[in-house]
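A.B. asks: This is the structure I have questions about; it appears just below.
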4 protein chains.
Amino acid sequence: MKETVYTVRVEFGDCDPARIVWFPNFFRWIDAASRDFFVQCGVPSWSETEKTLGVIGTPLVDTQAKFMRTATYGDTLAIHAGIAEWRSKSFVQRYRVMKGDEPILECNEVRIFAGRREDGSIFALPIPQPIRALCE
Amino acid sequence: MKETVYTVRVEFGDCDPARIVWFPNFFRWIDAASRDFFVQCGVPSWSETEKTLGVIGTPLVDTQAKFMRTATYGDTLAIHAGIAEWRSKSFVQRYRVMKGDEPILECNEVRIFAGRREDGSIFALPIPQPIRALCE
Amino acid sequence: MKETVYTVRVEFGDCDPARIVWFPNFFRWIDAASRDFFVQCGVPSWSETEKTLGVIGTPLVDTQAKFMRTATYGDTLAIHAGIAEWRSKSFVQRYRVMKGDEPILECNEVRIFAGRREDGSIFALPIPQPIRALCE
Amino acid sequence: MKETVYTVRVEFGDCDPARIVWFPNFFRWIDAASRDFFVQCGVPSWSETEKTLGVIGTPLVDTQAKFMRTATYGDTLAIHAGIAEWRSKSFVQRYRVMKGDEPILECNEVRIFAGRREDGSIFALPIPQPIRALCE
């Protein structure tokens with residue numbers, strides 16, 4: 001499994017009155033790490049793939065996250081990202097958020113490669129082989 | 001199961017370049033709906049319960065969300081919240097995000113009632129009966 | 001001057017480790033109050049005005065804000081919004097954020113009605129009279 | 001004037017349906033650049049200075065920002081920060097947000113060094129000379 005690392009510096013404003021990261025911010029960073037994974041694997045931008053493959057992005061269908069330790073401002077977090085499973089019309093993207101050697105959070109997402117219909121609605125495309133080839 | 005409803009108006013800035021709600025914003029609203037549930041049930045503020053019960057809040061341990069339909073700016077969302085299960089040292093808080101009759105998202109969280117140790121770290125308290133009595 | 005009121009409930013996650021609203025959140029709410037002003041005045045959606053007047057929105061050119069008192073979670077804020085000045089190709093939108101009778105923040109923005117060129121860049125349109133007529 | 005540079009990578013979720021950075025996000029980054037300036041100058045953490053100098057942080061009193069060009073995801077921004085003026089009980093922190101050679105935004109803030117009274121309210125301290133010495 002190809003794995004990329006996306007680095008985050010936790011800022012004061014990312015933390016809540018309990019002085020720990022307010023959890024929705026972890027999802028902000030995970031979403032950035034998701035896209036960063038494809039960029040690092042060499043997948044062109046979604047505006048490019050829209051023209052070539054009809055893929056406008058990878059919207060989220062399902063997410064499951066386990067919060068193991070808290071983080072606070074001043075911390076640097078490394079988000080390890082990879083694709084754990086390829087299905088016919090979706091894939092599982094997996095993340096481990098680490099603070100040094102300490103696991104902070106684990107997350108598994110189901111995402112799709114989305115196309116857009118003429119009426120603006122989106123739908124799941126079969127996994128595009130050129131993208132899969134770059135990411136495995 | 002006692003259920004409360006927290007209302008959200010989706011704003012332009014909550015949406016991403018795909019013109020749909022950027023998913024981390026759903027978690028912002030769910031966290032607000034979580035606290036709102038306790039407020040509506042009559043549970044005092046956490047600064048109050050810290051003095052009386054040692055409870056400083058309800059940090060998240062695990063979350064699972066299923067994204068069923070997209071939402072965009074101009075939409076009004078109703079977040080239905082309740083506690084689906086009481087365990088010995090944790091509880092399952094359940095949410096359904098609705099746009100009129102359409103389900104947008106379902107979410108199940110495991111949260112704890114947290115106390116704070118002298119060194120600043122937090123730990124799971126047994127479910128405080130006075131709080132449970134208000135929320136059932 | 002026509003004035004609208006946009007109401008905000010401050011949530012736990014809007015506050016920082018100093019237990020007060022983290023200031024960028026005030027700009028989130030002011031941006032929502034800006035658009036809400038036009039909606040309440042009867043201006044159609046920007047996707048509608050794009051077709052009829054070429055107006056795709058009201059991007060911000062300049063903002064000045066004075067922070068007078070802090071706010072925290074549990075507070076309800078009323079954001080009063082109006083247009084204080086019409087210029088040839090821009091306008092000044094003015095806000096007062098109130099907590100009951102207490103002023104929390106005052107803000108003056110310069111915004112434009114934007115059109116989009118074929119290359120995707122945006123530019124300032126002369127003030128569209130049909131919109132001005134609704135907002136005065 | 002001592003100047004520091006804080007680097008930001010603009011992510012998909014930082015952008016709005018107009019495909020440009022939603023402006024409140026610039027204030028998120030500027031706030032991070034403000035604190036980063038003090039860290040890079042060698043000022044200890046605010047929890048440290050609270051014990052030694054009574055300084056709990058540098059809350060914002062006034063901000064003025066001029067938006068010159070838009071930015072979008074994929075862009076890397078350099079936020080140059082420095083203190084442009086020292087007053088008796090406040091200071092002016094200045095920022096230039098650059099995308100390569102292009103200016104994106106300029107911002108001037110008035111901030112104070114805050115102490116906290118016994119009732120929890122905050123007030124402006126005279127500029128602490130040990131901090132000023134590190135930052136000039």
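Chains: A, B, ... in order of the structure tokens. Residues: from 1 per chain. Ligands: from 1, in order shown.
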Find the residues near Pro59 of chain A: any atom within 10 Å, counting only C-alpha atoms, skip ones fewer than 2 places away on the same chain, and give them as a PyMOL selection string.
C.D. replies: (chain A and resi 31+56-57+61-62+110-114+122-124) or (chain B and resi 18+22-23+67+70)
A.B. asks: Mind writing the picked residues with C-alpha atoms as a PDB file, in the first residue's frame?
C.D. replies:
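Contents of the output file result.pdb:
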ATOM      1  CA  ASP A  31      -9.717  15.991   3.868  1.00  0.00           C
ATOM      2  CA  ILE A  56     -14.833  15.711 -10.633  1.00  0.00           C
ATOM      3  CA  GLY A  57     -13.536  14.621  -7.230  1.00  0.00           C
ATOM      4  CA  VAL A  61     -19.773   8.429   1.528  1.00  0.00           C
ATOM      5  CA  ASP A  62     -18.931   7.122   4.972  1.00  0.00           C
ATOM      6  CA  VAL A 110     -15.373   5.252   1.972  1.00  0.00           C
ATOM      7  CA  ARG A 111     -15.111   7.615  -0.983  1.00  0.00           C
ATOM      8  CA  ILE A 112     -16.201   7.445  -4.595  1.00  0.00           C
ATOM      9  CA  PHE A 113     -14.839   8.834  -7.833  1.00  0.00           C
ATOM     10  CA  ALA A 114     -17.702  11.113  -8.794  1.00  0.00           C
ATOM     11  CA  ILE A 122     -23.317  13.440  -8.920  1.00  0.00           C
ATOM     12  CA  PHE A 123     -22.891   9.685  -9.200  1.00  0.00           C
ATOM     13  CA  ALA A 124     -20.249   7.001  -8.524  1.00  0.00           C
TER      14      ALA A 124
ATOM     15  CA  ALA B  18     -18.169  21.723  -5.686  1.00  0.00           C
ATOM     16  CA  TRP B  22     -17.719  20.803   2.899  1.00  0.00           C
ATOM     17  CA  PHE B  23     -18.096  17.734   5.122  1.00  0.00           C
ATOM     18  CA  PHE B  67     -23.374  10.749   4.043  1.00  0.00           C
ATOM     19  CA  THR B  70     -25.556  16.587  -0.275  1.00  0.00           C
TER      20      THR B  70
END
A.B. asks: Against chain D, which residues of chain B fall within 12 Å? For each one I want the closest pair of atoms and the distance in Å (one decimal), counting only C-alpha atoms, rows by chain and increasing residue number, as JSON lines.
C.D. replies:
{"residue": "B:Glu11", "atom": "CA", "partner": "D:Asp16", "partner_atom": "CA", "distance": 10.3}
{"residue": "B:Phe12", "atom": "CA", "partner": "D:Asp16", "partner_atom": "CA", "distance": 7.1}
{"residue": "B:Gly13", "atom": "CA", "partner": "D:Asp16", "partner_atom": "CA", "distance": 5.7}
{"residue": "B:Asp14", "atom": "CA", "partner": "D:Asp16", "partner_atom": "CA", "distance": 7.5}
{"residue": "B:Cys15", "atom": "CA", "partner": "D:Asp16", "partner_atom": "CA", "distance": 5.8}
{"residue": "B:Asp16", "atom": "CA", "partner": "D:Asp16", "partner_atom": "CA", "distance": 4.6}
{"residue": "B:Pro17", "atom": "CA", "partner": "D:Pro17", "partner_atom": "CA", "distance": 4.2}
{"residue": "B:Ala18", "atom": "CA", "partner": "D:Pro17", "partner_atom": "CA", "distance": 6.4}
{"residue": "B:Arg19", "atom": "CA", "partner": "D:Pro17", "partner_atom": "CA", "distance": 4.9}
{"residue": "B:Ile20", "atom": "CA", "partner": "D:Pro17", "partner_atom": "CA", "distance": 8.0}
{"residue": "B:Val21", "atom": "CA", "partner": "D:Gly13", "partner_atom": "CA", "distance": 9.6}
{"residue": "B:Trp22", "atom": "CA", "partner": "D:Gly13", "partner_atom": "CA", "distance": 6.4}
{"residue": "B:Phe23", "atom": "CA", "partner": "D:Gly13", "partner_atom": "CA", "distance": 8.9}
{"residue": "B:Pro24", "atom": "CA", "partner": "D:Gly13", "partner_atom": "CA", "distance": 8.8}
{"residue": "B:Asn25", "atom": "CA", "partner": "D:Gly13", "partner_atom": "CA", "distance": 9.9}
{"residue": "B:Thr72", "atom": "CA", "partner": "D:Pro17", "partner_atom": "CA", "distance": 9.8}
{"residue": "B:Tyr73", "atom": "CA", "partner": "D:Pro17", "partner_atom": "CA", "distance": 9.6}
A.B. asks: Interatomic distance between atom CA of Glu136 of chain A and atom CA of Ile83 of chain A?
C.D. replies: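 Straight-line distance from atom CA of Glu136 of chain A to atom CA of Ile83 of chain A works out to 7.6 Å.
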A.B. asks: Taking only C-alpha atoms into account, which of D:Thr58, D:Gln93, D:Thr4, D:Thr63 comes nearest Gly42 of chain D?
C.D. replies: D:Thr4
A.B. asks: So which residues touch Ala84 of chain B within 9 Å, counting only C-alpha atoms, skipping near sequence neighbours fewer than 2 positions away, as a list of chain:residue names?
C.D. replies: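 Selected residues are B:Met1, B:Gly82, B:Trp86, B:Phe91, B:Val92, B:Gln93, B:Arg94, B:Asn108.
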A.B. asks: Would you pick out the contacts of Gln40 of chain B at 10 Å or less, using only C-alpha atoms, so that residues sharing its chain but fewer than 3 positions from it are not included, and give the list as a list in words?
C.D. replies: Glu3, Thr4, Val5, Tyr6, Arg35, Asp36, Phe37, Val43, Pro44, Leu134 and Cys135 of chain B
A.B. asks: Those residues with N, CA, C and O atoms, as a PDB file, in the first residue's frame please?
C.D. replies:
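Output file again09.pdb follows:
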ATOM      1  N   GLU B   3     -35.490  13.141  22.272  1.00  0.00           N
ATOM      2  CA  GLU B   3     -34.843  13.649  21.060  1.00  0.00           C
ATOM      3  C   GLU B   3     -34.988  15.161  20.995  1.00  0.00           C
ATOM      4  O   GLU B   3     -36.055  15.700  21.258  1.00  0.00           O
ATOM      5  N   THR B   4     -33.918  15.820  20.634  1.00  0.00           N
ATOM      6  CA  THR B   4     -33.965  17.275  20.457  1.00  0.00           C
ATOM      7  C   THR B   4     -33.669  17.588  18.991  1.00  0.00           C
ATOM      8  O   THR B   4     -33.141  16.752  18.258  1.00  0.00           O
ATOM      9  N   VAL B   5     -34.039  18.805  18.594  1.00  0.00           N
ATOM     10  CA  VAL B   5     -33.770  19.227  17.216  1.00  0.00           C
ATOM     11  C   VAL B   5     -32.979  20.536  17.233  1.00  0.00           C
ATOM     12  O   VAL B   5     -33.370  21.498  17.903  1.00  0.00           O
ATOM     13  N   TYR B   6     -31.879  20.533  16.538  1.00  0.00           N
ATOM     14  CA  TYR B   6     -31.008  21.717  16.427  1.00  0.00           C
ATOM     15  C   TYR B   6     -31.039  22.146  14.967  1.00  0.00           C
ATOM     16  O   TYR B   6     -30.829  21.331  14.073  1.00  0.00           O
ATOM     17  N   ARG B  35     -24.019  19.296  22.336  1.00  0.00           N
ATOM     18  CA  ARG B  35     -24.110  20.130  23.547  1.00  0.00           C
ATOM     19  C   ARG B  35     -25.533  20.666  23.724  1.00  0.00           C
ATOM     20  O   ARG B  35     -26.054  20.707  24.837  1.00  0.00           O
ATOM     21  N   ASP B  36     -26.160  21.046  22.601  1.00  0.00           N
ATOM     22  CA  ASP B  36     -27.525  21.567  22.664  1.00  0.00           C
ATOM     23  C   ASP B  36     -28.478  20.536  23.264  1.00  0.00           C
ATOM     24  O   ASP B  36     -29.403  20.891  24.007  1.00  0.00           O
ATOM     25  N   PHE B  37     -28.242  19.250  22.966  1.00  0.00           N
ATOM     26  CA  PHE B  37     -29.081  18.191  23.538  1.00  0.00           C
ATOM     27  C   PHE B  37     -29.048  18.264  25.064  1.00  0.00           C
ATOM     28  O   PHE B  37     -30.094  18.232  25.728  1.00  0.00           O
ATOM     29  N   VAL B  43     -29.458  19.836  31.600  1.00  0.00           N
ATOM     30  CA  VAL B  43     -28.159  19.620  32.247  1.00  0.00           C
ATOM     31  C   VAL B  43     -27.454  20.981  32.383  1.00  0.00           C
ATOM     32  O   VAL B  43     -27.392  21.741  31.417  1.00  0.00           O
ATOM     33  N   PRO B  44     -26.952  21.304  33.577  1.00  0.00           N
ATOM     34  CA  PRO B  44     -26.253  22.590  33.751  1.00  0.00           C
ATOM     35  C   PRO B  44     -24.987  22.654  32.883  1.00  0.00           C
ATOM     36  O   PRO B  44     -24.550  21.646  32.319  1.00  0.00           O
ATOM     37  N   LEU B 134     -31.857  13.089  33.523  1.00  0.00           N
ATOM     38  CA  LEU B 134     -32.395  14.216  32.751  1.00  0.00           C
ATOM     39  C   LEU B 134     -32.494  13.909  31.252  1.00  0.00           C
ATOM     40  O   LEU B 134     -33.304  14.510  30.548  1.00  0.00           O
ATOM     41  N   CYS B 135     -31.677  12.972  30.779  1.00  0.00           N
ATOM     42  CA  CYS B 135     -31.517  12.780  29.326  1.00  0.00           C
ATOM     43  C   CYS B 135     -32.300  11.595  28.769  1.00  0.00           C
ATOM     44  O   CYS B 135     -32.344  11.406  27.546  1.00  0.00           O
TER      45      CYS B 135
END
A.B. asks: Which of segment 6-127 of chain A end up as helix (DSSP H, G or I) when DSSP is run on this backbone - answer as a VMD selection string?
C.D. replies: chain A and resid 12 to 14 24 to 41 46 to 52
A.B. asks: When you look at Leu125 of chain B with a cut-off of 9 Å (counting only C-alpha atoms), what residues show up, excluding the ones that are within fewer than 3 positions of it in the same chain? I need them as a PDB file with N, CA and C atoms, in the first residue's frame.
C.D. replies:
ATOM      1  N   GLY B  54     -17.790  16.794  38.940  1.00  0.00           N
ATOM      2  CA  GLY B  54     -16.453  16.546  38.390  1.00  0.00           C
ATOM      3  C   GLY B  54     -16.449  16.343  36.880  1.00  0.00           C
ATOM      4  N   VAL B  55     -17.581  16.632  36.215  1.00  0.00           N
ATOM      5  CA  VAL B  55     -17.689  16.418  34.763  1.00  0.00           C
ATOM      6  C   VAL B  55     -17.297  17.703  34.019  1.00  0.00           C
ATOM      7  N   SER B  88     -21.394   1.592  30.679  1.00  0.00           N
ATOM      8  CA  SER B  88     -20.975   1.897  32.057  1.00  0.00           C
ATOM      9  C   SER B  88     -20.157   3.189  32.120  1.00  0.00           C
ATOM     10  N   LYS B  89     -19.242   3.368  31.181  1.00  0.00           N
ATOM     11  CA  LYS B  89     -18.403   4.565  31.216  1.00  0.00           C
ATOM     12  C   LYS B  89     -18.436   5.351  29.913  1.00  0.00           C
ATOM     13  N   SER B  90     -19.421   5.083  29.070  1.00  0.00           N
ATOM     14  CA  SER B  90     -19.549   5.849  27.830  1.00  0.00           C
ATOM     15  C   SER B  90     -21.004   5.793  27.381  1.00  0.00           C
ATOM     16  N   ILE B 112     -17.682  10.168  26.182  1.00  0.00           N
ATOM     17  CA  ILE B 112     -17.560   9.885  27.621  1.00  0.00           C
ATOM     18  C   ILE B 112     -17.896  11.149  28.418  1.00  0.00           C
ATOM     19  N   PHE B 113     -18.261  10.952  29.680  1.00  0.00           N
ATOM     20  CA  PHE B 113     -18.273  12.075  30.626  1.00  0.00           C
ATOM     21  C   PHE B 113     -16.872  12.132  31.229  1.00  0.00           C
ATOM     22  N   ALA B 114     -16.179  13.248  30.972  1.00  0.00           N
ATOM     23  CA  ALA B 114     -14.762  13.322  31.342  1.00  0.00           C
ATOM     24  C   ALA B 114     -14.550  14.062  32.650  1.00  0.00           C
ATOM     25  N   GLY B 115     -13.659  13.516  33.441  1.00  0.00           N
ATOM     26  CA  GLY B 115     -13.108  14.218  34.586  1.00  0.00           C
ATOM     27  C   GLY B 115     -11.671  14.600  34.269  1.00  0.00           C
ATOM     28  N   PRO B 128     -22.805   9.670  35.187  1.00  0.00           N
ATOM     29  CA  PRO B 128     -23.401  10.325  36.357  1.00  0.00           C
ATOM     30  C   PRO B 128     -24.931  10.174  36.322  1.00  0.00           C
TER      31      PRO B 128
END
A.B. asks: Extract the full set of strand (DSSP E) residues from chain B according to DSSP on the backbone, and format it as a PyMOL selection string.
C.D. replies: chain B and resi 4-9+60-67+76-86+91-99+102-111+114-116+122-124
